[in-house]
Every structure is written in structure tokens, then in C-alpha cells.
Amino acid sequence: MNATERARRSDFEAIAAHVEPGASVLDLGCGDGLLLDYLKQQRKVRGYGVEIDDANVLACVKNGVNVIQSDLERGLAGFDAGSFDYVILSQTLQAMRHTEAIVMEMLRVGRQGIVTFPNFGYWEARLQIMAGRMPVSKVLPYQWYDTPNVHLCTIHDFEAFCVSHDIRILERVVLTDGRPVNFMPNLFGSLAVFRFEKLK
Amino acid sequence: MGAVRAQKMRFDAPLAFRSGAVLSAYELAFETYGTLNADKSNAVLVCHALNASHHVAGWYEAEPDNIGWWDNMIGPGKPLDTNRFFVVGVNNLGGCFGSTGPASPNPATGVPYGSSFPVVTVEDWVVAQARLADQLGIQRFAAVMGGSLGAMQALQWTLSYPDRVANAVAIAVAPRLSAQNIAFNEVARQAITTDPDFHGGDFYRHSVVPKRGLRLARMIGHITYLSDDAMMEKFGRTLKSDSIQYHFGVDFEVESYLRYQGDKFAEYFDANTYLLITRALDYFDPALSTGGDLSRAMSAARARFFIASFTSDWRFSPERSREIVKALLDNRADVSYAEIDAPHGHDAFLLEDPRYHALVRAWFDNIHATL
């Protein structure tokens with residue numbers, strides 16, 4: 001297992017820890033479907049992925065994961081309100097154009113939402129900005145001109161977003177290299193995992 | 001695939017149609033490719049759409065140019081690999097390629113059924129296909145697969161025989177026809193039934209064929225299989241001669257193409273079969289018995305589904321496939337859905353698009369891994 005795979009696996013483990021066994025899961029921007037495959041094996045979930053990219057849809061089929069090819073930017077019109085236990089957006093939030101809309105859609109379709117995203121407040125990122133350059137790192141491996149990430153945020157930003165959008169945070173896990181970070185997570189955490197629900 | 005041979009199976013047990021009509025005996029024309037494995041678990045049924053047949057892949061020794069209609073999909077090393085799977089193609093009842101149909105002699109009268117051939121439904125076809133499977137010793141298909149009307153049969157299999165189909169592969173499908181779809185079918189049928197050579201469906205005894213009607217039916221159908229862009233790309237406004245002729249003969253390339261397709265079709269296709277098949281399309285509606293609730297209708301299905309649509313298909317648009325996907329999601333069925341960005345319209349399901357074929361290949365690879 002290389003560093004990227006290890007980082008990915010820790011992301012999977014952090015999400016799986018939040019998911020009740022046997023739950024129904026919708027994974028938005030599911031990529032190659034390996035998270036769903038992991039949740040299927042570890043948590044016996046009933047899972048579906050949503051993915052726009054042809055190569056990823058093919059990868060999901062190869063991995064034996066249910067996948068629905070659809071454009072998340074157009075919302076989740078094909079999914080009924082409250083039809084899933086969890087709607088997951090793993091490492092995709094920062095690449096969405098309609099970020100606000102998709103989080104609200106997650107909470108319409110799912111009882112709970114789970115997001116993971118690279119923390120832009122991580123010290124490495126801050127240091128690179130201080131040095132006058134856009135951050136490039138393991139969790140943000142792109143140059144400013146070729147990045148799919150258009151809505152990067154910090155852990156504090158996301159928490160403020162939840163407050164202003166009547167979202168209750170149920171759990172937060174912050175990781176760096178797969179290890180939990182409890183001390184000053186917005187500075188020392190590179191990856192954030194949030195589980196949340198809509199305030200009634 | 002190489003040279004293949006068509007076979008026939010005779011059935012002497014009467015078949016009751018949904019309409020109430022009964023066929024006392026009938027024959028089905030079929031072809032098989034590959035080898036049925038010892039535990040008979042590798043069989044795949046391929047269902048045909050409007051104008052195709054049991055001749056799915058390969059060619060005939062005597063007719064090397066007569067290549068199966070899905071030969072790019074099915075064969076050794078193809079996405080549906082006949083080195084691994086035992087593939088069965090059947091000409092549906094009411095057809096005109098060897099199975100009992102309107103042109104077959106009615107044993108009670110000795111003359112062709114003609115107008116007396118029962119109106120047949122997708123459900124009836126599936127029952128007949130299941131009887132063929134019984135005879136071939138296939139209890140459960142690894143997959144039932146089809147495009148368009150063939151995909152409707154695959155869906156129906158999962159409802160009529162939930163335990164006899166492990167996977168359904170439904171390409172360019174719709175859960176039921178729209179009013180516009182039925183309207184096009186009705187124009188095609190009117191073209192046939194108003195042809196003076198139709199004789200109320202009993203044209204055989206007059207030794208004529210309603211070719212003008214068939215030709216028109218084919219022309220209108222063909223337009224709905226292609227996208228506007230694909231037609232523009234293929235024909236544009238190209239003229240047959242150097243300049244416009246100021247007449248009503250063929251000026252444009254597209255007119256010439258449609259006439260050619262129509263003429264060719266009228267040579268080999270049976271007019272009554274065309275009526276029957278378009279009617280089977282019109283009547284297909286699994287949600288009819290559940291008050292229009294497709295989710296409830298699909299609750300009987302136990303299969304895993306692969307569904308694909310094509311963005312430029314306006315006959316059965318991606319929205320129509322998504323209705324089925326939604327119904328399957330509501331039942332928490334295993335389903336994968338691909339929306340393929342292809343310019344060719346409905347006909348794309350018959351063409352060789354690398355993304356589409358890669359998905360079907362991957363799907364069958366997984367099925368093979370479970371055998």
C-alpha cells in the first residue's frame with residue numbers, strides 16, 4: 001500500500017466508523033467505488049454511487065459497485081427525500097461548483113450527511129500561502145491552474161457554514177496521515193470528516 | 001463468430017396469450033453460440049427489437065453477407081464473449097424469420113394466419129422464450145439482454161420469472177411508450193393498413209405484399225432511430241445531382257437513403273409482423289397492474305440490472321431509463337446506470353461505442369467471475 005492508498009484507506013476508515021451496519025448509503029462523486037466497496041464489506045451497507053466521469057463509472061462497474069451516472073451539479077432530482085440513511089460526499093465538496101446546493105440536497109435525500117475534505121487551514125497550506133504561493137501538497141496535489149478544486153475551505157469555515165445553514169454537526173474527526181488530530185485541528189489536521197443532520 | 005446455423009424447436013403445448021387467444025402449437029427459430037457449461041449456469045438470452053431476429057451473431061455458410069444484428073457485441077472475445085457464455089437468440093412469436101407468425105400456415109385452415117394471428121405482448125414472448133429455455137435445459141439465465149424493445153423483454157423477464165434471471169442488461173430502454181412513441185407507431189401502422197395491397201392482413205392469398213405501406217412504415221421508423229445531428233452529419237443537405245431539379249423526385253441524399261431503406265425493408269419484412277411488434281411496444285407497461293406505480297411493479301424483480309442510455313436518443317431518452325433506475329432504487333435493487341454521450345440517437349445501441357462496449361464487457365466479466 002503506497003502513501004496515497006494509505007491516506008485513502010484512513011479516509012475510508014474514518015467514514016466507516018460513522019456508518020451504522022446495514023445502512024443505506026448514497027456516495028456522491030464516488031470515483032472508482034472503492035469506498036462503497038469498503039463500506040459494503042465492513043458495514044454491510046446497501047450502497048449506490050453517483051458519478052459523472054465515464055472512466056470512473058467503468059471503474060465502479062469493474063469493482064462490482066452500484067453506480068448511477070449523473071451530474072451532481074444538477075442536484076439529486078432522481079432521489080426521493082429521506083430515501084437514504086447516509087449521503088456521503090468524500091473529497092468532492094471542494095470540487096463542486098454548487099457547494100451550498102449539494103449539501104442541502106444531501107440532507108434532503110439522506111437522514112444524515114457525511115463529508116470529507118482537505119483542510120485548507122492545515123499548517124502546510126498556510127505556510128505556502130505565507131511564502132506567497134498557492135498550496136500544493138499530498139491532499140492538495142494540484143497546481144492553481146489545473147485544479148478541480150474551486151471551493152476550498154477550512155474546518156472553521158465548514159463549521160460556520162453549518163451554523164448559518166441550520167445544520168447540526170453530530171461528529172467531527174480530523175486526521176493527518178491517517179492519525180487523529182485533537183490539538184488545534186484546524187492548524188494540524190489535513191483531512192476533515194464531518195457527520196451532520198438538518199436541524200428540525 | 002464464424003459460420004452459425006439457425007435451429008427450430010416445435011412446441012405442442014398450447015400457449016395462452018394475454019389477449020385470451022390460444023396458439024395450439026408453434027415453432028420458434030433460434031440460434032445458439034458457445035457452449036452450455038456443465039451446471040448450465042452460463043446461458044445468456046439476447047432479445048431482439050423491432051426488425052431483428054434470432055440471427056444475433058456470426059453469418060450463414062450459404063449467406064456470408066448475412067451478419068448477425070449484434071455481431072459487434074457478441075462473439076469470441078467480444079463484450080459478451082461466446083468463449084465464456086452460451087448465448088441464445090430467439091425469433092419472437094409473430095415474427096417473420098422462422099418462428100410461427102402471421103405468414104405461417106394455420107394448421108386449422110391450411111392457409112396463413114394473416115389477420116387471425118393473435119395480438120402478442122412482451123409478456124407472451126417471454127413465456128415462449130422461457131419454454132425454449134426449458135427445452136434447452138436452462139433453468140436460470142446468467143443474463144437476459146436486449147436493446148430497445150429487446151430491453152423491455154429483459155425487464156419483463158425479471159418480473160415474470162424473477163428466479164430465472166440473475167442479471168438484466170437493458171440498453172436504450174423505456175418503462176412504457178410515451179404518447180409520441182405510440183403516435184409514430186400508429187402512423188406506421190396506418191401506412192400499412194391503408195395500403196390497397198394489405199387486404200385486411202390477408203394479402204398472402206392475393207399473392208401481393210403491401211410494399212408501399214411497409215416502405216413508409218420503415219421510413220418513419222428509421223427517422224426516429226437517428227438523431228437530428230446524426231442525420232445532418234450523415235447527409236447534410238447534400239444533393240443527388242449537381243443542382244436542385246424543381247420536382248418531387250429525389251433531390252436530397254437523405255430522401256434517397258430513406259427510399260432505399262424502405263424498399264429494402266419491404267422486400268423481406270412481413271406487414272402483419274410489423275403491426276404486431278409495434279403493438280407489443282405500445283402495450284408494454286409493467287406498471288399497468290400497479291396503477292402506474294413503476295416502483296411497486298419492479299418490486300418483484302430479483303436480478304441485478306445494468307441499464308444504459310444514449311444522450312442523443314430522443315425515441316427513448318435518458319429520462320426514460322432513469323424512471324426505471326429510480327424504480328429499482330426505490331426497491332434497493334442492485335442497479336448500475338450509464339448515460340453514454342453518443343451522437344447517433346436510438347440506433348447507438350447497435351453501434352460500436354468504446355465506452356458502451358467497455359461497460360458491457362466489464363459487466364459480463366463480473367458475471368463470469370461468479371459462475
# chains A, B, ... in the order shown; residues from 1 in each chain; ligands from 1
>>> residues_around(residues="Ile88 (chain A)", least_positions_apart="6", cutoff="6 Å", atoms="only C-alpha atoms", output="ChimeraX atom specification")
/A:27-28,113-115
>>> write_last_selection(atoms="all heavy atoms", output="PDB file, in the first residue's frame")
ATOM      1  N   ASP A  27     -23.270   7.507  -2.186  1.00  0.00           N
ATOM      2  CA  ASP A  27     -21.944   8.128  -2.202  1.00  0.00           C
ATOM      3  C   ASP A  27     -21.833   9.034  -3.436  1.00  0.00           C
ATOM      4  O   ASP A  27     -21.792   8.551  -4.569  1.00  0.00           O
ATOM      5  CB  ASP A  27     -20.868   7.031  -2.232  1.00  0.00           C
ATOM      6  CG  ASP A  27     -19.456   7.605  -2.196  1.00  0.00           C
ATOM      7  OD1 ASP A  27     -19.313   8.840  -1.998  1.00  0.00           O
ATOM      8  OD2 ASP A  27     -18.504   6.833  -2.369  1.00  0.00           O
ATOM      9  N   LEU A  28     -21.804  10.335  -3.183  1.00  0.00           N
ATOM     10  CA  LEU A  28     -21.798  11.297  -4.289  1.00  0.00           C
ATOM     11  C   LEU A  28     -20.374  11.547  -4.769  1.00  0.00           C
ATOM     12  O   LEU A  28     -19.492  11.826  -3.969  1.00  0.00           O
ATOM     13  CB  LEU A  28     -22.426  12.621  -3.831  1.00  0.00           C
ATOM     14  CG  LEU A  28     -23.814  12.504  -3.197  1.00  0.00           C
ATOM     15  CD1 LEU A  28     -24.334  13.887  -2.801  1.00  0.00           C
ATOM     16  CD2 LEU A  28     -24.781  11.828  -4.146  1.00  0.00           C
ATOM     17  N   GLY A 113     -25.739  13.470   6.633  1.00  0.00           N
ATOM     18  CA  GLY A 113     -24.717  13.675   5.619  1.00  0.00           C
ATOM     19  C   GLY A 113     -23.338  13.412   6.212  1.00  0.00           C
ATOM     20  O   GLY A 113     -23.126  13.596   7.411  1.00  0.00           O
ATOM     21  N   ILE A 114     -22.435  12.938   5.371  1.00  0.00           N
ATOM     22  CA  ILE A 114     -21.032  12.796   5.783  1.00  0.00           C
ATOM     23  C   ILE A 114     -20.180  13.456   4.699  1.00  0.00           C
ATOM     24  O   ILE A 114     -20.316  13.119   3.518  1.00  0.00           O
ATOM     25  CB  ILE A 114     -20.628  11.315   5.934  1.00  0.00           C
ATOM     26  CG1 ILE A 114     -21.454  10.646   7.038  1.00  0.00           C
ATOM     27  CG2 ILE A 114     -19.133  11.189   6.217  1.00  0.00           C
ATOM     28  CD1 ILE A 114     -21.230   9.142   7.157  1.00  0.00           C
ATOM     29  N   VAL A 115     -19.357  14.422   5.087  1.00  0.00           N
ATOM     30  CA  VAL A 115     -18.426  14.994   4.103  1.00  0.00           C
ATOM     31  C   VAL A 115     -16.998  14.812   4.600  1.00  0.00           C
ATOM     32  O   VAL A 115     -16.737  14.797   5.809  1.00  0.00           O
ATOM     33  CB  VAL A 115     -18.658  16.503   3.824  1.00  0.00           C
ATOM     34  CG1 VAL A 115     -20.032  16.759   3.248  1.00  0.00           C
ATOM     35  CG2 VAL A 115     -18.398  17.351   5.051  1.00  0.00           C
TER      36      VAL A 115
END
>>> select_by_dssp(residues="region 273-345 of chain B", states="alpha helix (DSSP H)", output="PyMOL selection string")
chain B and resi 273-283+294-297+318-330
>>> interface_residues(of="chain A", to="chain B", cutoff="7 Å", atoms="only C-alpha atoms", output="list in words")
Leu58, Val61, Lys62, Asn66, Val67, Ile68, Gln69 and Gly78 of chain A
>>> write_last_selection(atoms="N, CA, C and O atoms", output="CSV table (one decimal), in the first residue's frame")
chain,number,residue,atom,x,y,z
A,58,LEU,N,-17.0,3.3,-15.3
A,58,LEU,CA,-16.5,2.0,-15.7
A,58,LEU,C,-15.7,1.3,-14.6
A,58,LEU,O,-15.9,0.1,-14.3
A,61,VAL,N,-18.2,-0.2,-12.2
A,61,VAL,CA,-18.7,-1.5,-12.7
A,61,VAL,C,-17.7,-2.6,-12.6
A,61,VAL,O,-18.0,-3.7,-12.1
A,62,LYS,N,-16.5,-2.3,-12.9
A,62,LYS,CA,-15.4,-3.3,-12.7
A,62,LYS,C,-15.3,-3.7,-11.3
A,62,LYS,O,-15.0,-4.9,-11.0
A,66,ASN,N,-22.6,-0.6,-7.3
A,66,ASN,CA,-23.8,0.0,-8.0
A,66,ASN,C,-23.4,1.5,-8.3
A,66,ASN,O,-23.0,2.2,-7.3
A,67,VAL,N,-23.5,1.9,-9.5
A,67,VAL,CA,-23.2,3.3,-9.8
A,67,VAL,C,-24.3,3.9,-10.7
A,67,VAL,O,-24.8,3.2,-11.6
A,68,ILE,N,-24.7,5.1,-10.5
A,68,ILE,CA,-25.6,5.8,-11.3
A,68,ILE,C,-24.9,7.0,-11.9
A,68,ILE,O,-24.4,7.9,-11.2
A,69,GLN,N,-24.8,7.0,-13.3
A,69,GLN,CA,-24.1,8.1,-13.9
A,69,GLN,C,-25.0,9.3,-14.0
A,69,GLN,O,-26.1,9.3,-14.6
A,78,GLY,N,-33.4,12.6,-9.1
A,78,GLY,CA,-33.9,11.3,-9.2
A,78,GLY,C,-34.0,10.5,-7.9
A,78,GLY,O,-34.3,9.4,-7.8
>>> residues_around(residues="Thr116 (chain A)", least_positions_apart="4", cutoff="6 Å", atoms="only C-alpha atoms", output="PyMOL selection string")
chain A and resi 90-91+192-193
>>> write_last_selection(atoms="C-alpha atoms", output="PDB file, in the first residue's frame")
ATOM      1  CA  SER A  90     -15.961  12.215   0.107  1.00  0.00           C
ATOM      2  CA  GLN A  91     -13.211  14.553  -1.109  1.00  0.00           C
ATOM      3  CA  ALA A 192     -11.693  16.694   7.981  1.00  0.00           C
ATOM      4  CA  VAL A 193     -14.622  14.272   8.313  1.00  0.00           C
TER       5      VAL A 193
END
>>> residues_around(residues="Gln112 (chain A)", least_positions_apart="2", cutoff="9 Å", atoms="only C-alpha atoms", output="CSV table (one decimal) with N, CA and C atoms, in the first residue's frame")
chain,number,residue,atom,x,y,z
A,84,PHE,N,-32.3,7.7,1.9
A,84,PHE,CA,-31.1,7.1,2.3
A,84,PHE,C,-30.7,7.4,3.8
A,85,ASP,N,-30.1,6.4,4.5
A,85,ASP,CA,-29.6,6.7,5.8
A,85,ASP,C,-28.5,7.8,5.8
A,86,TYR,N,-27.6,7.5,4.9
A,86,TYR,CA,-26.4,8.5,4.8
A,86,TYR,C,-26.2,8.9,3.3
A,87,VAL,N,-25.9,10.1,3.2
A,87,VAL,CA,-25.4,10.6,1.9
A,87,VAL,C,-24.0,11.1,2.1
A,88,ILE,N,-23.0,10.5,1.4
A,88,ILE,CA,-21.6,10.8,1.6
A,88,ILE,C,-21.1,11.6,0.4
A,106,MET,N,-28.0,16.8,0.0
A,106,MET,CA,-27.6,15.7,0.8
A,106,MET,C,-28.5,15.5,1.9
A,107,LEU,N,-28.9,16.6,2.5
A,107,LEU,CA,-29.8,16.5,3.7
A,107,LEU,C,-31.3,16.3,3.4
A,109,VAL,N,-32.1,14.2,0.8
A,109,VAL,CA,-32.2,12.8,0.4
A,109,VAL,C,-31.8,11.9,1.5
A,110,GLY,N,-30.8,12.3,2.3
A,110,GLY,CA,-30.3,11.4,3.4
A,110,GLY,C,-30.8,11.9,4.8
A,114,ILE,N,-22.4,12.9,5.4
A,114,ILE,CA,-21.0,12.8,5.8
A,114,ILE,C,-20.2,13.5,4.7
A,195,ARG,N,-19.9,14.4,10.2
A,195,ARG,CA,-21.2,13.8,10.0
A,195,ARG,C,-22.3,14.8,10.6
A,196,PHE,N,-23.3,15.0,9.9
A,196,PHE,CA,-24.3,16.1,10.3
A,196,PHE,C,-25.7,15.8,9.9
A,197,GLU,N,-26.6,16.5,10.4
A,197,GLU,CA,-28.0,16.4,10.0
A,197,GLU,C,-28.7,17.8,10.0
A,198,LYS,N,-29.9,17.8,9.5
A,198,LYS,CA,-30.6,19.1,9.4
A,198,LYS,C,-31.3,19.3,10.7
>>> atom_distance(atom1="CA of Phe85 (chain B)", atom2="CA of Ser160 (chain B)")
23.0 Å
>>> closest_residue(among="A:Ser83, A:Asn186, A:Pro118, A:Arg9", to="Pro141 (chain A)", atoms="only C-alpha atoms")
A:Pro118
>>> closest_residue(among="B:Arg164, B:Arg18, B:Lys211, B:Arg131", to="Lys264 (chain B)", atoms="only C-alpha atoms")
B:Lys211
>>> closest_residue(among="B:Thr194, B:Asn92, B:Thr32, B:Gln180", to="Ala3 (chain B)", atoms="only C-alpha atoms")
B:Thr32
>>> residues_around(residues="Glu5 (chain A)", least_positions_apart="3", cutoff="12 Å", atoms="only C-alpha atoms", output="PDB file with all heavy atoms, in the first residue's frame")
ATOM      1  N   MET A   1       0.853  -1.203   0.000  1.00  0.00           N
ATOM      2  CA  MET A   1       0.000   0.000   0.000  1.00  0.00           C
ATOM      3  C   MET A   1       0.887   1.252   0.000  1.00  0.00           C
ATOM      4  O   MET A   1       1.714   1.417   0.884  1.00  0.00           O
ATOM      5  CB  MET A   1      -0.884  -0.013   1.252  1.00  0.00           C
ATOM      6  CG  MET A   1      -2.224   0.669   1.031  1.00  0.00           C
ATOM      7  SD  MET A   1      -3.175   0.889   2.544  1.00  0.00           S
ATOM      8  CE  MET A   1      -3.560  -0.785   3.021  1.00  0.00           C
ATOM      9  N   ASN A   2       0.738   2.126  -0.989  1.00  0.00           N
ATOM     10  CA  ASN A   2       1.548   3.345  -1.015  1.00  0.00           C
ATOM     11  C   ASN A   2       0.900   4.456  -0.167  1.00  0.00           C
ATOM     12  O   ASN A   2      -0.177   4.258   0.415  1.00  0.00           O
ATOM     13  CB  ASN A   2       1.796   3.803  -2.457  1.00  0.00           C
ATOM     14  CG  ASN A   2       0.507   4.191  -3.168  1.00  0.00           C
ATOM     15  OD1 ASN A   2      -0.429   4.686  -2.540  1.00  0.00           O
ATOM     16  ND2 ASN A   2       0.467   3.964  -4.468  1.00  0.00           N
ATOM     17  N   ARG A   8      -5.994   7.246   1.689  1.00  0.00           N
ATOM     18  CA  ARG A   8      -7.351   6.976   1.242  1.00  0.00           C
ATOM     19  C   ARG A   8      -8.034   5.995   2.186  1.00  0.00           C
ATOM     20  O   ARG A   8      -9.183   6.163   2.567  1.00  0.00           O
ATOM     21  CB  ARG A   8      -7.279   6.355  -0.150  1.00  0.00           C
ATOM     22  CG  ARG A   8      -8.175   7.092  -1.122  1.00  0.00           C
ATOM     23  CD  ARG A   8      -8.194   6.451  -2.456  1.00  0.00           C
ATOM     24  NE  ARG A   8      -9.573   6.354  -2.860  1.00  0.00           N
ATOM     25  CZ  ARG A   8      -9.974   5.655  -3.912  1.00  0.00           C
ATOM     26  NH1 ARG A   8      -9.106   4.998  -4.629  1.00  0.00           N
ATOM     27  NH2 ARG A   8     -11.228   5.618  -4.224  1.00  0.00           N
ATOM     28  N   ARG A   9      -7.251   4.992   2.590  1.00  0.00           N
ATOM     29  CA  ARG A   9      -7.786   3.975   3.480  1.00  0.00           C
ATOM     30  C   ARG A   9      -8.188   4.594   4.828  1.00  0.00           C
ATOM     31  O   ARG A   9      -9.221   4.255   5.390  1.00  0.00           O
ATOM     32  CB  ARG A   9      -6.759   2.846   3.653  1.00  0.00           C
ATOM     33  CG  ARG A   9      -7.137   1.727   4.584  1.00  0.00           C
ATOM     34  CD  ARG A   9      -8.491   1.126   4.265  1.00  0.00           C
ATOM     35  NE  ARG A   9      -8.570   0.550   2.939  1.00  0.00           N
ATOM     36  CZ  ARG A   9      -8.317  -0.719   2.653  1.00  0.00           C
ATOM     37  NH1 ARG A   9      -7.972  -1.546   3.596  1.00  0.00           N
ATOM     38  NH2 ARG A   9      -8.445  -1.158   1.427  1.00  0.00           N
ATOM     39  N   SER A  10      -7.385   5.552   5.303  1.00  0.00           N
ATOM     40  CA  SER A  10      -7.729   6.168   6.588  1.00  0.00           C
ATOM     41  C   SER A  10      -8.999   6.995   6.449  1.00  0.00           C
ATOM     42  O   SER A  10      -9.812   7.080   7.378  1.00  0.00           O
ATOM     43  CB  SER A  10      -6.564   7.009   7.108  1.00  0.00           C
ATOM     44  OG  SER A  10      -6.314   8.087   6.234  1.00  0.00           O
ATOM     45  N   ASP A  11      -9.167   7.604   5.284  1.00  0.00           N
ATOM     46  CA  ASP A  11     -10.412   8.321   4.973  1.00  0.00           C
ATOM     47  C   ASP A  11     -11.587   7.334   5.034  1.00  0.00           C
ATOM     48  O   ASP A  11     -12.607   7.594   5.669  1.00  0.00           O
ATOM     49  CB  ASP A  11     -10.257   8.912   3.561  1.00  0.00           C
ATOM     50  CG  ASP A  11     -11.389   9.849   3.184  1.00  0.00           C
ATOM     51  OD1 ASP A  11     -12.042  10.374   4.095  1.00  0.00           O
ATOM     52  OD2 ASP A  11     -11.602  10.054   1.977  1.00  0.00           O
ATOM     53  N   PHE A  12     -11.425   6.176   4.413  1.00  0.00           N
ATOM     54  CA  PHE A  12     -12.466   5.137   4.408  1.00  0.00           C
ATOM     55  C   PHE A  12     -12.803   4.719   5.844  1.00  0.00           C
ATOM     56  O   PHE A  12     -13.964   4.601   6.214  1.00  0.00           O
ATOM     57  CB  PHE A  12     -11.995   3.883   3.663  1.00  0.00           C
ATOM     58  CG  PHE A  12     -11.860   4.045   2.173  1.00  0.00           C
ATOM     59  CD1 PHE A  12     -12.095   5.265   1.545  1.00  0.00           C
ATOM     60  CD2 PHE A  12     -11.495   2.959   1.394  1.00  0.00           C
ATOM     61  CE1 PHE A  12     -11.961   5.401   0.174  1.00  0.00           C
ATOM     62  CE2 PHE A  12     -11.364   3.081   0.019  1.00  0.00           C
ATOM     63  CZ  PHE A  12     -11.586   4.299  -0.590  1.00  0.00           C
ATOM     64  N   LEU A  34     -14.435   2.435  -4.597  1.00  0.00           N
ATOM     65  CA  LEU A  34     -13.765   1.616  -3.574  1.00  0.00           C
ATOM     66  C   LEU A  34     -14.242   1.929  -2.151  1.00  0.00           C
ATOM     67  O   LEU A  34     -14.240   1.056  -1.287  1.00  0.00           O
ATOM     68  CB  LEU A  34     -12.246   1.758  -3.683  1.00  0.00           C
ATOM     69  CG  LEU A  34     -11.638   1.032  -4.897  1.00  0.00           C
ATOM     70  CD1 LEU A  34     -10.123   1.179  -4.912  1.00  0.00           C
ATOM     71  CD2 LEU A  34     -12.030  -0.449  -4.917  1.00  0.00           C
ATOM     72  N   LEU A  35     -14.684   3.169  -1.920  1.00  0.00           N
ATOM     73  CA  LEU A  35     -15.249   3.481  -0.596  1.00  0.00           C
ATOM     74  C   LEU A  35     -16.515   2.654  -0.369  1.00  0.00           C
ATOM     75  O   LEU A  35     -16.682   2.036   0.693  1.00  0.00           O
ATOM     76  CB  LEU A  35     -15.556   4.984  -0.481  1.00  0.00           C
ATOM     77  CG  LEU A  35     -16.385   5.384   0.748  1.00  0.00           C
ATOM     78  CD1 LEU A  35     -15.635   5.068   2.049  1.00  0.00           C
ATOM     79  CD2 LEU A  35     -16.767   6.863   0.707  1.00  0.00           C
ATOM     80  N   LYS A 138       0.174  16.725  -0.484  1.00  0.00           N
ATOM     81  CA  LYS A 138      -0.371  15.393  -0.699  1.00  0.00           C
ATOM     82  C   LYS A 138      -1.898  15.435  -0.845  1.00  0.00           C
ATOM     83  O   LYS A 138      -2.465  14.783  -1.711  1.00  0.00           O
ATOM     84  CB  LYS A 138       0.007  14.490   0.484  1.00  0.00           C
ATOM     85  CG  LYS A 138       1.019  13.434   0.101  1.00  0.00           C
ATOM     86  CD  LYS A 138       1.249  12.431   1.224  1.00  0.00           C
ATOM     87  CE  LYS A 138       1.399  13.116   2.575  1.00  0.00           C
ATOM     88  NZ  LYS A 138       2.036  12.360   3.618  1.00  0.00           N
ATOM     89  N   VAL A 139      -2.558  16.211   0.035  1.00  0.00           N
ATOM     90  CA  VAL A 139      -4.020  16.270  -0.033  1.00  0.00           C
ATOM     91  C   VAL A 139      -4.516  17.284  -1.055  1.00  0.00           C
ATOM     92  O   VAL A 139      -5.672  17.263  -1.454  1.00  0.00           O
ATOM     93  CB  VAL A 139      -4.651  16.562   1.353  1.00  0.00           C
ATOM     94  CG1 VAL A 139      -4.528  15.356   2.247  1.00  0.00           C
ATOM     95  CG2 VAL A 139      -4.050  17.786   1.980  1.00  0.00           C
ATOM     96  N   ASP A 177      -2.245  12.224   7.951  1.00  0.00           N
ATOM     97  CA  ASP A 177      -1.618  10.940   7.614  1.00  0.00           C
ATOM     98  C   ASP A 177      -2.336   9.775   8.281  1.00  0.00           C
ATOM     99  O   ASP A 177      -1.701   8.832   8.770  1.00  0.00           O
ATOM    100  CB  ASP A 177      -0.135  10.939   8.023  1.00  0.00           C
ATOM    101  CG  ASP A 177       0.666  11.951   7.210  1.00  0.00           C
ATOM    102  OD1 ASP A 177       0.282  12.178   6.045  1.00  0.00           O
ATOM    103  OD2 ASP A 177       1.634  12.520   7.745  1.00  0.00           O
ATOM    104  N   GLY A 178      -3.636   9.854   8.357  1.00  0.00           N
ATOM    105  CA  GLY A 178      -4.435   8.758   8.890  1.00  0.00           C
ATOM    106  C   GLY A 178      -4.544   8.728  10.403  1.00  0.00           C
ATOM    107  O   GLY A 178      -5.244   7.897  10.957  1.00  0.00           O
TER     108      GLY A 178
END
>>> residues_around(residues="Gly249 (chain B)", least_positions_apart="4", cutoff="12 Å", atoms="only C-alpha atoms", output="list of chain:residue names")
B:Leu239, B:Lys240, B:Ser241, B:Ile244, B:Gln245, B:Glu253, B:Glu255, B:Ser256, B:Arg259
>>> residues_around(residues="Glu352 (chain B)", least_positions_apart="4", cutoff="10 Å", atoms="only C-alpha atoms", output="CSV table (one decimal) with all heavy atoms, in the first residue's frame")
chain,number,residue,atom,x,y,z
B,70,TRP,N,-26.2,-8.2,-33.9
B,70,TRP,CA,-25.4,-7.6,-32.8
B,70,TRP,C,-24.0,-8.3,-32.8
B,70,TRP,O,-23.5,-8.6,-31.7
B,70,TRP,CB,-26.1,-7.9,-31.4
B,70,TRP,CG,-26.0,-6.7,-30.5
B,70,TRP,CD1,-25.3,-5.6,-30.7
B,70,TRP,CD2,-26.7,-6.5,-29.3
B,70,TRP,NE1,-25.5,-4.7,-29.7
B,70,TRP,CE2,-26.4,-5.2,-28.8
B,70,TRP,CE3,-27.7,-7.2,-28.6
B,70,TRP,CZ2,-26.9,-4.7,-27.6
B,70,TRP,CZ3,-28.2,-6.7,-27.4
B,70,TRP,CH2,-27.8,-5.4,-26.9
B,72,ASN,N,-21.2,-7.1,-33.4
B,72,ASN,CA,-20.1,-6.3,-32.8
B,72,ASN,C,-20.1,-6.5,-31.3
B,72,ASN,O,-19.1,-6.2,-30.6
B,72,ASN,CB,-20.2,-4.8,-33.2
B,72,ASN,CG,-21.4,-4.1,-32.8
B,72,ASN,OD1,-22.1,-4.6,-31.8
B,72,ASN,ND2,-21.8,-3.0,-33.4
B,73,MET,N,-21.2,-7.0,-30.7
B,73,MET,CA,-21.3,-7.1,-29.3
B,73,MET,C,-21.0,-8.6,-28.8
B,73,MET,O,-20.5,-8.8,-27.7
B,73,MET,CB,-22.7,-6.7,-28.8
B,73,MET,CG,-23.0,-6.8,-27.4
B,73,MET,SD,-22.0,-5.6,-26.4
B,73,MET,CE,-23.1,-4.1,-26.6
B,348,ALA,N,-27.8,4.0,-31.5
B,348,ALA,CA,-26.4,3.9,-30.9
B,348,ALA,C,-26.3,2.6,-30.2
B,348,ALA,O,-25.2,2.1,-30.1
B,348,ALA,CB,-26.2,5.0,-29.9
B,356,TYR,N,-19.4,2.4,-24.2
B,356,TYR,CA,-20.5,1.5,-24.1
B,356,TYR,C,-20.1,0.0,-24.1
B,356,TYR,O,-20.4,-0.7,-23.1
B,356,TYR,CB,-21.5,1.8,-25.2
B,356,TYR,CG,-22.5,0.8,-25.6
B,356,TYR,CD1,-23.3,0.1,-24.7
B,356,TYR,CD2,-22.8,0.6,-27.0
B,356,TYR,CE1,-24.3,-0.7,-25.1
B,356,TYR,CE2,-23.8,-0.2,-27.4
B,356,TYR,CZ,-24.5,-0.9,-26.5
B,356,TYR,OH,-25.5,-1.8,-26.9
B,357,HIS,N,-19.3,-0.3,-25.0
B,357,HIS,CA,-18.8,-1.7,-25.1
B,357,HIS,C,-17.9,-2.1,-23.9
B,357,HIS,O,-18.0,-3.2,-23.4
B,357,HIS,CB,-18.1,-2.0,-26.4
B,357,HIS,CG,-19.1,-2.4,-27.5
B,357,HIS,ND1,-18.8,-3.1,-28.6
B,357,HIS,CD2,-20.4,-2.1,-27.6
B,357,HIS,CE1,-19.8,-3.2,-29.4
B,357,HIS,NE2,-20.8,-2.7,-28.8
B,358,ALA,N,-17.1,-1.2,-23.4
B,358,ALA,CA,-16.3,-1.5,-22.3
B,358,ALA,C,-17.1,-1.7,-21.0
B,358,ALA,O,-16.8,-2.6,-20.2
B,358,ALA,CB,-15.3,-0.3,-22.0
>>> atom_distance(atom1="CA of His344 (chain B)", atom2="CA of Phe235 (chain B)")
13.1 Å
